[in-house]
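The next block is query.csv, given as CSV, C-alpha atoms.
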chain,number,residue,atom,x,y,z
A,1207,MET,CA,0.0,0.0,0.0
A,1208,SER,CA,1.3,3.5,-0.9
A,1209,LYS,CA,2.1,6.1,1.8
A,1210,SER,CA,-0.7,8.3,0.5
A,1211,LEU,CA,-3.3,5.7,0.6
A,1212,PHE,CA,-2.2,4.6,4.1
A,1213,ILE,CA,-2.7,8.2,5.5
A,1214,LEU,CA,-6.0,8.5,3.8
A,1215,LEU,CA,-7.1,5.2,5.4
A,1216,LEU,CA,-5.9,6.3,8.8
A,1217,PHE,CA,-7.9,9.6,8.5
A,1218,PHE,CA,-11.1,7.8,7.7
A,1219,ILE,CA,-10.6,5.4,10.6
A,1220,THR,CA,-9.8,8.1,13.2
A,1221,MET,CA,-12.4,10.6,12.2
A,1222,PRO,CA,-15.4,8.8,13.6
A,1223,ILE,CA,-13.6,8.4,16.9
A,1224,LEU,CA,-12.9,12.1,17.1
A,1225,LEU,CA,-16.5,12.9,16.2
A,1226,ASP,CA,-17.8,10.5,18.8
A,1227,SER,CA,-15.6,12.1,21.5
A,1228,SER,CA,-17.0,15.5,20.5
A,1229,SER,CA,-20.5,14.5,21.4
A,1230,PRO,CA,-21.6,15.6,25.0
A,1231,ASP,CA,-22.6,12.8,27.4
A,1232,ASP,CA,-26.3,13.3,28.2
A,1233,SER,CA,-26.4,10.8,31.0
A,1234,PRO,CA,-27.5,12.1,34.5
A,1235,ALA,CA,-24.2,10.9,36.0
A,1236,SER,CA,-22.2,13.0,33.5
A,1237,LYS,CA,-24.3,16.1,34.2
A,1238,SER,CA,-23.8,15.8,37.9
A,1239,ALA,CA,-20.0,15.3,37.6
A,1240,SER,CA,-19.5,18.2,35.2
A,1241,PRO,CA,-18.7,21.4,37.1
A,1242,SER,CA,-19.5,23.7,34.3
A,1243,HIS,CA,-20.6,23.9,30.6
A,1244,SER,CA,-17.2,25.0,29.4
A,1245,SER,CA,-15.8,21.5,29.8
A,1246,SER,CA,-18.3,20.0,27.3
A,1247,SER,CA,-17.8,22.8,24.8
A,1248,SER,CA,-14.0,22.1,24.7
A,1249,SER,CA,-14.5,18.9,22.7
A,1250,PRO,CA,-15.4,20.5,19.3
A,1251,SER,CA,-12.2,22.5,19.5
A,1252,ILE,CA,-10.3,19.2,19.4
A,1253,VAL,CA,-12.0,18.2,16.2
A,1254,THR,CA,-11.4,21.6,14.7
A,1255,ALA,CA,-7.8,21.4,15.6
A,1256,SER,CA,-7.5,17.9,14.2
A,1257,TRP,CA,-9.1,18.9,10.9
A,1258,ASN,CA,-7.0,22.0,10.6
A,1259,HIS,CA,-4.0,19.8,10.9
A,1260,LEU,CA,-5.1,17.1,8.5
A,1261,PHE,CA,-6.6,19.2,5.8
A,1262,PRO,CA,-3.4,20.7,4.4
A,1263,LEU,CA,-1.8,17.2,4.6
A,1264,LEU,CA,-4.6,15.7,2.6
A,1265,THR,CA,-4.5,18.4,0.0
A,1266,SER,CA,-0.8,17.9,-0.4
A,1267,LEU,CA,-1.2,14.1,-0.7
A,1268,SER,CA,-3.9,14.5,-3.3
A,1269,LYS,CA,-1.4,16.2,-5.5
A,1270,GLU,CA,0.9,13.2,-5.3
A,1271,LEU,CA,-1.8,10.7,-6.5
A,1272,PRO,CA,-1.3,9.7,-10.1
A,1273,LYS,CA,-3.6,11.4,-12.5
A,1274,PRO,CA,-5.6,9.1,-14.8
A,1275,ASN,CA,-4.3,8.9,-18.4
A,1276,ASP,CA,-7.1,10.2,-20.6
A,1277,ALA,CA,-6.3,7.6,-23.2
A,1278,GLU,CA,-6.6,4.8,-20.7
A,1279,SER,CA,-9.7,6.1,-18.9
A,1280,GLU,CA,-11.7,6.6,-22.1
A,1281,ILE,CA,-14.4,4.0,-22.6
A,1282,ARG,CA,-13.8,2.2,-25.9
A,1283,LEU,CA,-16.5,0.4,-27.9
A,1284,PRO,CA,-15.5,-3.0,-29.3
A,1285,SER,CA,-15.3,-1.6,-32.8
A,1286,ARG,CA,-13.0,1.3,-31.9
A,1287,ASN,CA,-9.8,-0.1,-33.3
A,1288,GLN,CA,-11.4,-2.2,-36.0
A,1289,LYS,CA,-11.5,-1.3,-39.7
A,1290,SER,CA,-14.6,0.3,-41.2
A,1291,TRP,CA,-17.5,-1.7,-42.6
A,1292,LYS,CA,-16.2,-1.1,-46.1
A,1293,SER,CA,-13.5,-3.7,-45.3
A,1294,CYS,CA,-15.9,-6.6,-44.8
A,1295,PRO,CA,-15.0,-9.6,-47.0
A,1296,ALA,CA,-17.0,-10.0,-50.1
A,1297,GLN,CA,-19.8,-12.5,-50.0
A,1298,ASP,CA,-19.4,-15.7,-52.0
A,1299,PRO,CA,-20.7,-14.9,-55.5
A,1300,LYS,CA,-21.6,-18.6,-55.9
A,1301,LEU,CA,-24.2,-18.4,-53.2
A,1302,ASN,CA,-27.6,-16.9,-53.3
A,1303,PHE,CA,-28.2,-14.9,-50.1
A,1304,ARG,CA,-31.8,-14.1,-51.0
A,1305,PRO,CA,-33.2,-17.6,-51.5
A,1306,VAL,CA,-36.8,-18.4,-52.1
A,1307,ILE,CA,-38.6,-21.6,-51.4
A,1308,GLY,CA,-41.7,-22.9,-53.2
A,1309,ILE,CA,-44.2,-24.7,-50.9
A,1310,LEU,CA,-46.8,-26.8,-52.5
A,1311,SER,CA,-50.3,-26.1,-51.2
A,1312,HIS,CA,-52.6,-28.9,-50.2
A,1313,PRO,CA,-56.3,-29.4,-51.0
A,1314,GLY,CA,-58.8,-28.0,-48.5
A,1315,ASP,CA,-58.6,-25.2,-45.9
A,1316,GLY,CA,-56.6,-27.1,-43.2
A,1317,ALA,CA,-59.6,-27.0,-40.8
A,1318,SER,CA,-62.0,-29.6,-42.2
A,1319,GLY,CA,-64.1,-26.9,-44.0
A,1320,ARG,CA,-64.5,-24.6,-41.0
A,1321,LEU,CA,-62.6,-21.8,-42.6
A,1322,SER,CA,-63.6,-22.0,-46.2
A,1323,ASN,CA,-66.3,-23.8,-48.1
A,1324,SER,CA,-64.8,-23.1,-51.5
A,1325,THR,CA,-64.5,-26.2,-53.6
A,1326,ASN,CA,-61.2,-25.2,-55.1
A,1327,ALA,CA,-59.6,-24.0,-51.8
A,1328,SER,CA,-56.1,-25.2,-50.9
A,1329,TYR,CA,-53.8,-24.2,-48.0
A,1330,ILE,CA,-50.3,-24.1,-46.6
A,1331,ALA,CA,-49.9,-24.3,-42.8
A,1332,ALA,CA,-48.1,-21.2,-41.6
A,1333,SER,CA,-45.7,-23.3,-39.6
A,1334,TYR,CA,-44.0,-24.4,-42.8
A,1335,VAL,CA,-43.6,-20.8,-43.9
A,1336,LYS,CA,-42.2,-19.8,-40.5
A,1337,PHE,CA,-39.9,-22.8,-40.6
A,1338,VAL,CA,-38.4,-21.6,-43.9
A,1339,GLU,CA,-38.3,-17.9,-42.9
A,1340,SER,CA,-36.5,-18.8,-39.6
A,1341,ALA,CA,-33.5,-20.0,-41.6
A,1342,GLY,CA,-33.4,-16.9,-43.9
A,1343,ALA,CA,-35.5,-17.6,-46.9
A,1344,ARG,CA,-38.8,-16.3,-48.3
A,1345,VAL,CA,-41.7,-18.4,-49.6
A,1346,ILE,CA,-43.7,-18.5,-52.8
A,1347,PRO,CA,-46.8,-20.6,-52.7
A,1348,LEU,CA,-47.1,-23.2,-55.4
A,1349,ILE,CA,-50.9,-23.5,-55.6
A,1350,TYR,CA,-51.4,-27.1,-56.8
A,1351,ASN,CA,-54.7,-26.5,-58.7
A,1352,GLU,CA,-53.5,-23.4,-60.6
A,1353,PRO,CA,-53.1,-23.7,-64.4
A,1354,SER,CA,-49.9,-25.8,-65.1
A,1355,ASP,CA,-48.2,-22.9,-67.0
A,1356,VAL,CA,-48.8,-20.5,-64.0
A,1357,LEU,CA,-47.5,-23.1,-61.5
A,1358,PHE,CA,-44.3,-23.8,-63.4
A,1359,LYS,CA,-43.6,-20.1,-64.0
A,1360,LYS,CA,-43.6,-19.8,-60.2
A,1361,LEU,CA,-41.3,-22.8,-60.0
A,1362,ASP,CA,-38.8,-20.7,-62.1
A,1363,LEU,CA,-38.8,-18.1,-59.3
A,1364,VAL,CA,-37.6,-20.4,-56.5
A,1365,ASN,CA,-34.4,-22.1,-55.3
A,1366,GLY,CA,-36.0,-25.2,-53.7
A,1367,VAL,CA,-39.3,-26.9,-53.0
A,1368,LEU,CA,-41.0,-28.2,-49.9
A,1369,PHE,CA,-43.8,-30.8,-49.9
A,1370,THR,CA,-45.9,-30.5,-46.7
A,1371,GLY,CA,-47.9,-33.0,-44.6
A,1372,GLY,CA,-51.5,-33.8,-45.3
A,1373,TRP,CA,-53.7,-36.6,-46.6
A,1374,ALA,CA,-54.0,-36.3,-50.4
A,1375,LYS,CA,-52.3,-39.2,-52.2
A,1376,SER,CA,-54.2,-39.3,-55.5
A,1377,GLY,CA,-55.7,-37.3,-58.3
A,1378,LEU,CA,-54.5,-33.9,-59.4
A,1379,TYR,CA,-52.4,-33.4,-56.2
A,1380,TYR,CA,-50.5,-36.6,-56.7
A,1381,ASP,CA,-49.9,-35.7,-60.4
A,1382,VAL,CA,-48.7,-32.2,-59.6
A,1383,ALA,CA,-46.3,-33.5,-56.9
A,1384,ASN,CA,-45.0,-36.0,-59.4
A,1385,GLN,CA,-44.4,-33.4,-62.0
A,1386,ILE,CA,-42.6,-31.1,-59.6
A,1387,PHE,CA,-40.4,-33.9,-58.3
A,1388,LYS,CA,-39.3,-34.8,-61.8
A,1389,GLU,CA,-38.6,-31.1,-62.5
A,1390,VAL,CA,-36.4,-31.0,-59.3
A,1391,LEU,CA,-34.4,-34.0,-60.6
A,1392,LYS,CA,-34.1,-32.4,-64.1
A,1393,ARG,CA,-32.8,-29.1,-62.7
A,1394,ASN,CA,-30.2,-30.9,-60.6
A,1395,ASP,CA,-29.1,-33.0,-63.6
A,1396,ALA,CA,-28.7,-29.7,-65.6
A,1397,GLY,CA,-26.3,-28.4,-63.0
A,1398,ASP,CA,-28.5,-26.3,-60.7
A,1399,HIS,CA,-28.4,-27.3,-57.0
A,1400,PHE,CA,-32.1,-27.4,-56.4
A,1401,PRO,CA,-33.1,-29.0,-53.0
A,1402,LEU,CA,-36.4,-30.7,-52.1
A,1403,TYR,CA,-37.7,-31.3,-48.5
A,1404,ALA,CA,-40.6,-33.8,-48.2
A,1405,ILE,CA,-42.3,-33.9,-44.9
A,1406,CYS,CA,-44.8,-36.6,-43.7
A,1407,LEU,CA,-47.2,-36.8,-46.6
A,1408,GLY,CA,-44.4,-35.5,-48.8
A,1409,PHE,CA,-42.3,-38.5,-47.7
A,1410,GLU,CA,-45.2,-40.9,-48.6
A,1411,LEU,CA,-45.6,-39.3,-52.0
A,1412,LEU,CA,-41.9,-39.7,-52.8
A,1413,THR,CA,-42.1,-43.3,-51.7
A,1414,MET,CA,-45.0,-44.0,-54.1
A,1415,ILE,CA,-43.5,-41.9,-57.0
A,1416,ILE,CA,-40.0,-43.4,-56.9
A,1417,SER,CA,-41.1,-46.9,-56.3
A,1418,GLU,CA,-43.8,-46.5,-59.0
A,1419,ASP,CA,-46.1,-48.4,-56.6
A,1420,LYS,CA,-49.1,-46.6,-55.2
A,1421,ASN,CA,-49.8,-49.5,-52.8
A,1422,ILE,CA,-46.3,-49.6,-51.2
A,1423,LEU,CA,-47.2,-47.8,-48.0
A,1424,GLU,CA,-47.9,-49.7,-44.7
A,1425,SER,CA,-50.1,-48.8,-41.8
A,1426,PHE,CA,-48.6,-47.5,-38.6
A,1427,ASN,CA,-49.9,-46.2,-35.3
A,1428,ALA,CA,-48.0,-42.9,-34.9
A,1429,THR,CA,-50.7,-40.2,-34.5
A,1430,ASP,CA,-49.9,-37.3,-32.1
A,1431,GLN,CA,-46.8,-39.0,-30.7
A,1432,ALA,CA,-43.4,-37.6,-29.6
A,1433,SER,CA,-40.5,-39.9,-30.3
A,1434,THR,CA,-36.8,-40.5,-30.5
A,1435,LEU,CA,-34.8,-41.0,-33.6
A,1436,GLU,CA,-32.8,-44.2,-34.0
A,1437,PHE,CA,-29.8,-43.7,-36.3
A,1438,MET,CA,-28.8,-46.6,-38.6
A,1439,LYS,CA,-25.8,-48.5,-37.6
A,1440,ASN,CA,-22.6,-47.0,-39.1
A,1441,ALA,CA,-24.7,-44.2,-40.6
A,1442,ILE,CA,-22.6,-41.4,-42.1
A,1443,ILE,CA,-24.1,-38.0,-41.3
A,1444,GLU,CA,-21.6,-35.9,-43.1
A,1445,GLY,CA,-23.3,-34.2,-46.0
A,1446,THR,CA,-26.8,-34.9,-44.5
A,1447,VAL,CA,-29.3,-32.8,-42.7
A,1448,PHE,CA,-27.7,-33.9,-39.4
A,1449,GLN,CA,-24.2,-32.8,-40.2
A,1450,ARG,CA,-24.4,-29.5,-38.3
A,1451,PHE,CA,-26.1,-30.9,-35.2
A,1452,PRO,CA,-24.0,-30.5,-32.1
A,1453,PRO,CA,-22.8,-33.9,-30.8
A,1454,GLU,CA,-24.8,-33.6,-27.6
A,1455,LEU,CA,-28.0,-32.8,-29.5
A,1456,LEU,CA,-27.4,-35.8,-31.8
A,1457,LYS,CA,-27.1,-38.0,-28.7
A,1458,LYS,CA,-30.3,-36.6,-27.2
A,1459,LEU,CA,-32.2,-37.4,-30.5
A,1460,SER,CA,-31.7,-41.1,-29.6
A,1461,THR,CA,-32.6,-40.8,-25.9
A,1462,ASP,CA,-35.1,-37.9,-25.6
A,1463,CYS,CA,-38.5,-37.5,-27.4
A,1464,LEU,CA,-37.5,-34.5,-29.4
A,1465,ILE,CA,-39.4,-35.2,-32.7
A,1466,MET,CA,-43.1,-35.2,-33.5
A,1467,GLN,CA,-44.9,-38.0,-35.3
A,1468,ASN,CA,-48.4,-37.6,-36.7
A,1469,HIS,CA,-49.1,-40.1,-39.4
A,1470,LYS,CA,-50.9,-43.3,-40.2
A,1471,TYR,CA,-48.8,-44.6,-43.1
A,1472,GLY,CA,-45.2,-45.2,-43.7
A,1473,ILE,CA,-42.7,-47.8,-44.9
A,1474,SER,CA,-40.7,-50.3,-42.9
A,1475,PRO,CA,-36.9,-50.5,-43.4
A,1476,GLU,CA,-37.3,-54.0,-44.8
A,1477,ARG,CA,-39.7,-53.0,-47.5
A,1478,LEU,CA,-37.7,-49.9,-48.5
A,1479,GLN,CA,-34.5,-51.9,-48.7
A,1480,SER,CA,-36.1,-54.7,-50.7
A,1481,ASN,CA,-37.4,-52.3,-53.3
A,1482,LYS,CA,-34.6,-51.7,-55.9
A,1483,ARG,CA,-35.9,-48.2,-57.0
A,1484,LEU,CA,-36.1,-46.9,-53.4
A,1485,SER,CA,-32.9,-48.5,-52.1
A,1486,SER,CA,-30.9,-47.2,-55.0
A,1487,PHE,CA,-32.3,-43.7,-54.8
A,1488,PHE,CA,-32.3,-43.2,-51.0
A,1489,LYS,CA,-29.9,-43.9,-48.2
A,1490,LEU,CA,-31.6,-44.7,-44.9
A,1491,LEU,CA,-30.6,-42.4,-42.0
A,1492,THR,CA,-33.0,-43.0,-39.1
A,1493,THR,CA,-36.0,-45.1,-38.0
A,1494,CYS,CA,-38.7,-44.7,-35.4
A,1495,THR,CA,-41.0,-47.0,-33.5
A,1496,ASP,CA,-44.8,-46.4,-33.4
A,1497,ALA,CA,-47.2,-47.0,-30.5
A,1498,ASP,CA,-47.5,-50.7,-31.5
A,1499,ASP,CA,-43.7,-51.2,-31.4
A,1500,LYS,CA,-43.5,-51.4,-35.2
A,1501,THR,CA,-40.4,-49.8,-36.8
A,1502,TYR,CA,-40.7,-47.5,-39.8
A,1503,VAL,CA,-38.3,-45.4,-41.8
A,1504,SER,CA,-38.2,-41.8,-40.5
A,1505,THR,CA,-35.4,-40.0,-42.4
A,1506,VAL,CA,-33.9,-40.7,-45.8
A,1507,GLN,CA,-31.7,-38.7,-48.1
A,1508,ALA,CA,-31.1,-39.2,-51.8
A,1509,ASN,CA,-27.7,-40.6,-52.9
A,1510,GLU,CA,-27.2,-38.3,-55.8
A,1511,PHE,CA,-29.7,-35.4,-55.3
A,1512,PRO,CA,-30.3,-32.8,-52.6
A,1513,VAL,CA,-33.6,-34.5,-51.7
A,1514,THR,CA,-34.4,-35.3,-48.0
A,1515,ALA,CA,-37.6,-36.8,-46.7
A,1516,PHE,CA,-38.9,-37.0,-43.2
A,1517,GLN,CA,-41.6,-39.2,-41.7
A,1518,TRP,CA,-41.8,-36.8,-38.8
A,1519,HIS,CA,-42.5,-33.0,-38.4
A,1520,PRO,CA,-39.4,-30.8,-37.9
A,1521,GLU,CA,-41.5,-27.7,-38.3
A,1522,LYS,CA,-44.0,-28.3,-35.4
A,1523,ASN,CA,-41.6,-28.1,-32.4
A,1524,ALA,CA,-41.2,-24.3,-32.8
A,1525,PHE,CA,-44.4,-23.3,-34.6
A,1526,GLU,CA,-47.4,-25.4,-33.8
A,1527,TRP,CA,-49.3,-25.6,-30.4
A,1528,GLY,CA,-52.5,-27.4,-31.2
A,1529,LEU,CA,-51.5,-31.0,-30.6
A,1530,PRO,CA,-50.6,-31.9,-26.9
A,1531,MET,CA,-47.6,-34.1,-27.6
A,1532,ILE,CA,-45.6,-31.7,-29.7
A,1533,PRO,CA,-42.2,-31.3,-27.9
A,1534,HIS,CA,-41.4,-27.7,-27.1
A,1535,SER,CA,-38.2,-28.0,-25.0
A,1536,GLU,CA,-35.1,-26.0,-25.9
A,1537,GLU,CA,-33.5,-29.0,-27.5
A,1538,ALA,CA,-36.6,-29.7,-29.5
A,1539,VAL,CA,-36.7,-26.2,-30.9
A,1540,GLN,CA,-33.0,-26.5,-31.7
A,1541,VAL,CA,-33.9,-29.6,-33.8
A,1542,THR,CA,-36.4,-27.5,-35.8
A,1543,GLN,CA,-33.8,-24.7,-36.4
A,1544,HIS,CA,-31.0,-27.1,-37.5
A,1545,VAL,CA,-33.3,-28.9,-40.0
A,1546,ALA,CA,-34.5,-25.5,-41.4
A,1547,ASN,CA,-30.9,-24.1,-41.6
A,1548,TYR,CA,-29.7,-27.1,-43.6
A,1549,PHE,CA,-32.5,-26.8,-46.1
A,1550,VAL,CA,-32.0,-23.1,-46.7
A,1551,SER,CA,-28.2,-23.5,-46.9
A,1552,GLU,CA,-28.8,-26.0,-49.7
A,1553,ALA,CA,-31.1,-23.5,-51.4
A,1554,ARG,CA,-28.4,-20.8,-51.3
A,1555,LYS,CA,-26.4,-23.0,-53.7
A,1556,SER,CA,-29.0,-22.7,-56.4
A,1557,ARG,CA,-27.9,-20.7,-59.4
A,1558,ASN,CA,-31.4,-19.4,-60.1
A,1559,ARG,CA,-31.6,-15.6,-59.9
A,1560,PRO,CA,-35.1,-14.6,-60.9
A,1561,PRO,CA,-36.2,-10.9,-61.4
A,1562,SER,CA,-36.9,-9.4,-58.0
A,1563,LYS,CA,-40.1,-7.8,-59.3
A,1564,LEU,CA,-41.6,-11.2,-60.2
A,1565,VAL,CA,-40.5,-12.6,-56.9
A,1566,LEU,CA,-42.2,-9.8,-55.0
A,1567,ASP,CA,-45.4,-10.2,-57.0
A,1568,ASN,CA,-45.7,-13.9,-56.0
A,1569,LEU,CA,-44.4,-14.0,-52.4
A,1570,ILE,CA,-46.7,-15.4,-49.8
A,1571,TYR,CA,-46.8,-11.9,-48.3
A,1572,ASN,CA,-49.5,-11.2,-50.9
A,1573,TYR,CA,-51.8,-13.4,-48.8
A,1574,SER,CA,-52.9,-13.2,-45.1
A,1575,PRO,CA,-52.8,-16.1,-42.7
A,1576,THR,CA,-55.9,-17.2,-40.9
A,1577,PHE,CA,-55.9,-18.1,-37.2
A,1578,CYS,CA,-57.5,-21.4,-36.6
A,1579,GLY,CA,-56.0,-22.5,-33.3
A,1580,LYS,CA,-59.0,-21.8,-31.2
A,1581,ALA,CA,-60.4,-25.2,-32.1
A,1582,GLY,CA,-57.6,-26.7,-30.1
A,1583,LYS,CA,-56.4,-29.1,-32.8
A,1584,GLY,CA,-54.7,-29.1,-36.1
A,1585,TYR,CA,-52.8,-26.0,-37.2
A,1586,ASP,CA,-52.5,-22.7,-35.5
A,1587,GLU,CA,-52.5,-20.6,-38.7
A,1588,VAL,CA,-53.0,-21.4,-42.3
A,1589,TYR,CA,-52.7,-19.6,-45.6
A,1590,ILE,CA,-55.9,-20.3,-47.7
A,1591,PHE,CA,-55.8,-20.0,-51.4
A,1592,SER,CA,-59.0,-19.5,-53.4
A,1593,ASP,CA,-60.3,-17.2,-56.1
A,1594,SER,CA,-60.6,-14.3,-53.6
A,1595,SER,CA,-57.8,-14.9,-51.2
A,1596,ARG,CA,-55.1,-12.7,-52.7
A,1597,LEU,CA,-54.6,-9.3,-51.1
Can I see the file as structure tokens?
Amino acid sequence: MSKSLFILLLFFITMPILLDSSSPDDSPASKSASPSHSSSSSSPSIVTASWNHLFPLLTSLSKELPKPNDAESEIRLPSRNQKSWKSCPAQDPKLNFRPVIGILSHPGDGASGRLSNSTNASYIAASYVKFVESAGARVIPLIYNEPSDVLFKKLDLVNGVLFTGGWAKSGLYYDVANQIFKEVLKRNDAGDHFPLYAICLGFELLTMIISEDKNILESFNATDQASTLEFMKNAIIEGTVFQRFPPELLKKLSTDCLIMQNHKYGISPERLQSNKRLSSFFKLLTTCTDADDKTYVSTVQANEFPVTAFQWHPEKNAFEWGLPMIPHSEEAVQVTQHVANYFVSEARKSRNRPPSKLVLDNLIYNYSPTFCGKAGKGYDEVYIFSDSSRL
């Protein structure tokens, strides 16, 4: 401790003692023993004398204390010594940092007719839109029953496609999904990296389309059920949707119920692997077990194309609240985000750069979502497309 600091400390220790001694004793015994008032008035003079002695000394010592260096005492923001924003590295010109995803609409209003009685209505659950947006992409709705030329012009405006969940497996919807799937493969074969995500019904449609067998699906009891994911033995996750998952989260996928199942159909690992078309197109990444202890394929990824299919719902953990078994833990939400991030990172590799005016004219922002969560089941919000739905 420096000499100056020691004297200052001594002053602050002794000052209360001096002040205490200067206070007159008001006890009766003290008053009777005191011969006169002058003896009590002498105490303040002691304090005054002490202060008169210490004040010049403290003033002198204060001059000895080192003055702060202005440069050192100045508060600096983290960017003070960094270069200006103009020096930021250029973005990779091979990547598209304004990706757009096309989401195929599904027949109906998403609420069993409670929201729209239009015979040509179709919908996209808002959770799929939020899922894509959360990873940094925008959405153009691919309305399945629009004229084919209109639909495929919209397909020219996007950098990837998402097939949603639902129930339709036949008719026009099946035909349109088939056409879009073949267009996805065609674009990839032509050199454009054009990803496809197929969720739940989307998984089932791809299984039927690739196998060329509309009866290949099997029945499973996996409605409104949270589940784990079982990774295939010796599965290689590099280059797959799971490649960026933290190791701890990957482990929890196998031990904690972090994924949501809500389907009645699927395909067993044995049936998929015995089908030459399916087994040559897909590599099997994970399986799940339904309520009857039957195992079904839950995640597959194409061997030669950026196509991933899920027989579970990665979008629901963060963006749906109607079903009671949807997991909403921090880890479950992280699963949603990692799956979305991978999809959009793949879409950024697309070389398609459509005119921005056409993109803006067709974005889903030209429509308003409808709240349907009060029914306590199904979706929380849906975008409904009919003749009068556009803003």
**All residues 10 Å or closer to Lys1457 of chain A, all atoms listed in the file, same chain fewer than 5 positions away omitted, as a list of chain:residue names** = A:Leu1435, A:Glu1436, A:Phe1437, A:Phe1451, A:Pro1452, A:Asp1462
**Request:** For atom CA of Pro1305 of chain A and atom CA of Lys1522 of chain A, determine how far apart the two atoms are, in Å to one decimal place.
**Result:** 22.1 Å
**Request:** Write out as a VMD selection string which residues come within 10 Å of Phe1369 of chain A when counting only C-alpha atoms, dropping same-chain ones fewer than 5 positions away.
**Result:** chain A and resid 1308 to 1312 1330 1334 1348 1383 1386 to 1387 1402 to 1409 1411 to 1412 1515
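The smallest atom-to-atom distance between Tyr1350 of chain A and any of A:Trp1527, A:Tyr1380, A:Phe1516, A:Phe1337, using all atoms listed in the file, is found for A:Tyr1380.
Counting all atoms listed in the file, the residue from A:Asn1302, A:Gln1385, A:Thr1514, A:Asn1523 that sits nearest to Phe1488 of chain A is A:Thr1514.
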Which residues of segment 1336-1373 of chain A come within 10 Å of segment 1502-1513 of chain A, and what is each one's closest atom pair and distance in Å (one decimal), counting only C-alpha atoms, sorted by chain and residue number, as a Markdown table?
| residue | atom | partner | partner_atom | distance |
| --- | --- | --- | --- | --- |
| A:Gly1366 | CA | A:Pro1512 | CA | 9.6 |
| A:Val1367 | CA | A:Val1513 | CA | 9.6 |
| A:Leu1368 | CA | A:Val1513 | CA | 9.9 |
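Separating atom CA of Lys1392 of chain A from atom CA of Asp1362 of chain A is a distance of 12.8 Å.
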Check which residues of segment 1522-1564 of chain A sit at most 9 Å from segment 1464-1475 of chain A using all atoms listed in the file, and return one row each with the closest pair of atoms and their distance in Å to one decimal, ordered by chain and rising number, as a Markdown table.
| residue | atom | partner | partner_atom | distance |
| --- | --- | --- | --- | --- |
| A:Lys1522 | CA | A:Met1466 | CA | 7.2 |
| A:Asn1523 | CA | A:Met1466 | CA | 7.3 |
| A:Met1531 | CA | A:Met1466 | CA | 7.5 |
| A:Ile1532 | CA | A:Met1466 | CA | 5.7 |
| A:Pro1533 | CA | A:Leu1464 | CA | 5.9 |
| A:His1534 | CA | A:Leu1464 | CA | 8.2 |
| A:Ser1535 | CA | A:Leu1464 | CA | 7.9 |
| A:Glu1537 | CA | A:Leu1464 | CA | 7.1 |
| A:Ala1538 | CA | A:Leu1464 | CA | 4.9 |
| A:Val1539 | CA | A:Leu1464 | CA | 8.5 |
| A:Val1541 | CA | A:Leu1464 | CA | 7.5 |
| A:Thr1542 | CA | A:Ile1465 | CA | 8.8 |
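With all atoms listed in the file as the basis for measurement, A:Ser1417 is the residue among A:Thr1576, A:Ile1443, A:Ser1417, A:Ala1428 that approaches Ser1486 of chain A most closely.
Relative to atom CA of Ser1333 of chain A, atom CA of Glu1521 of chain A is found at 6.2 Å.
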**Prompt:** Which polymer residues have any atom within 12 Å of an atom of Gly1316 of chain A, counting all atoms listed in the file, with same-chain residues fewer than 2 positions away left out, as number ranges by chain?
**Reply:** A: 1311-1314, 1318-1323, 1327-1332, 1370-1374, 1575-1579, 1581, 1583-1591
**Message:** Just checking: using all atoms listed in the file, which residue out of A:Glu1424, A:Asp1298, A:Glu1339, A:Asp1430 ends up closest to Phe1525 of chain A?
**Reply:** A:Glu1339
Could you give me, as a compact mmCIF listing (two decimals) with C-alpha atoms, in the coordinates of the input, the residues that have an atom at most 12 Å away from the point (-48.6, -31.8, -62.3) in the coordinates of the file, using all atoms listed in the file?
# COMPACT_ATOMS: atom_id res chain seq x y z
CA LEU A 1310 -46.80 -26.80 -52.50
CA LEU A 1348 -47.10 -23.20 -55.40
CA ILE A 1349 -50.90 -23.50 -55.60
CA TYR A 1350 -51.40 -27.10 -56.80
CA ASN A 1351 -54.70 -26.50 -58.70
CA GLU A 1352 -53.50 -23.40 -60.60
CA PRO A 1353 -53.10 -23.70 -64.40
CA SER A 1354 -49.90 -25.80 -65.10
CA ASP A 1355 -48.20 -22.90 -67.00
CA VAL A 1356 -48.80 -20.50 -64.00
CA LEU A 1357 -47.50 -23.10 -61.50
CA PHE A 1358 -44.30 -23.80 -63.40
CA LEU A 1361 -41.30 -22.80 -60.00
CA SER A 1376 -54.20 -39.30 -55.50
CA GLY A 1377 -55.70 -37.30 -58.30
CA LEU A 1378 -54.50 -33.90 -59.40
CA TYR A 1379 -52.40 -33.40 -56.20
CA TYR A 1380 -50.50 -36.60 -56.70
CA ASP A 1381 -49.90 -35.70 -60.40
CA VAL A 1382 -48.70 -32.20 -59.60
CA ALA A 1383 -46.30 -33.50 -56.90
CA ASN A 1384 -45.00 -36.00 -59.40
CA GLN A 1385 -44.40 -33.40 -62.00
CA ILE A 1386 -42.60 -31.10 -59.60
CA PHE A 1387 -40.40 -33.90 -58.30
CA LYS A 1388 -39.30 -34.80 -61.80
CA GLU A 1389 -38.60 -31.10 -62.50
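Using only C-alpha atoms, the smallest distance between any of A:Gln1449, A:Lys1458, A:Ile1346, A:His1519 and Ala1432 of chain A comes from A:His1519.
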**Asked** If you count only C-alpha atoms, which residues fall within 7 Å of Asn1558 of chain A, apart from same-chain ones fewer than 2 positions away, as a PyMOL selection string?
**Response** chain A and resi 1365+1556+1560
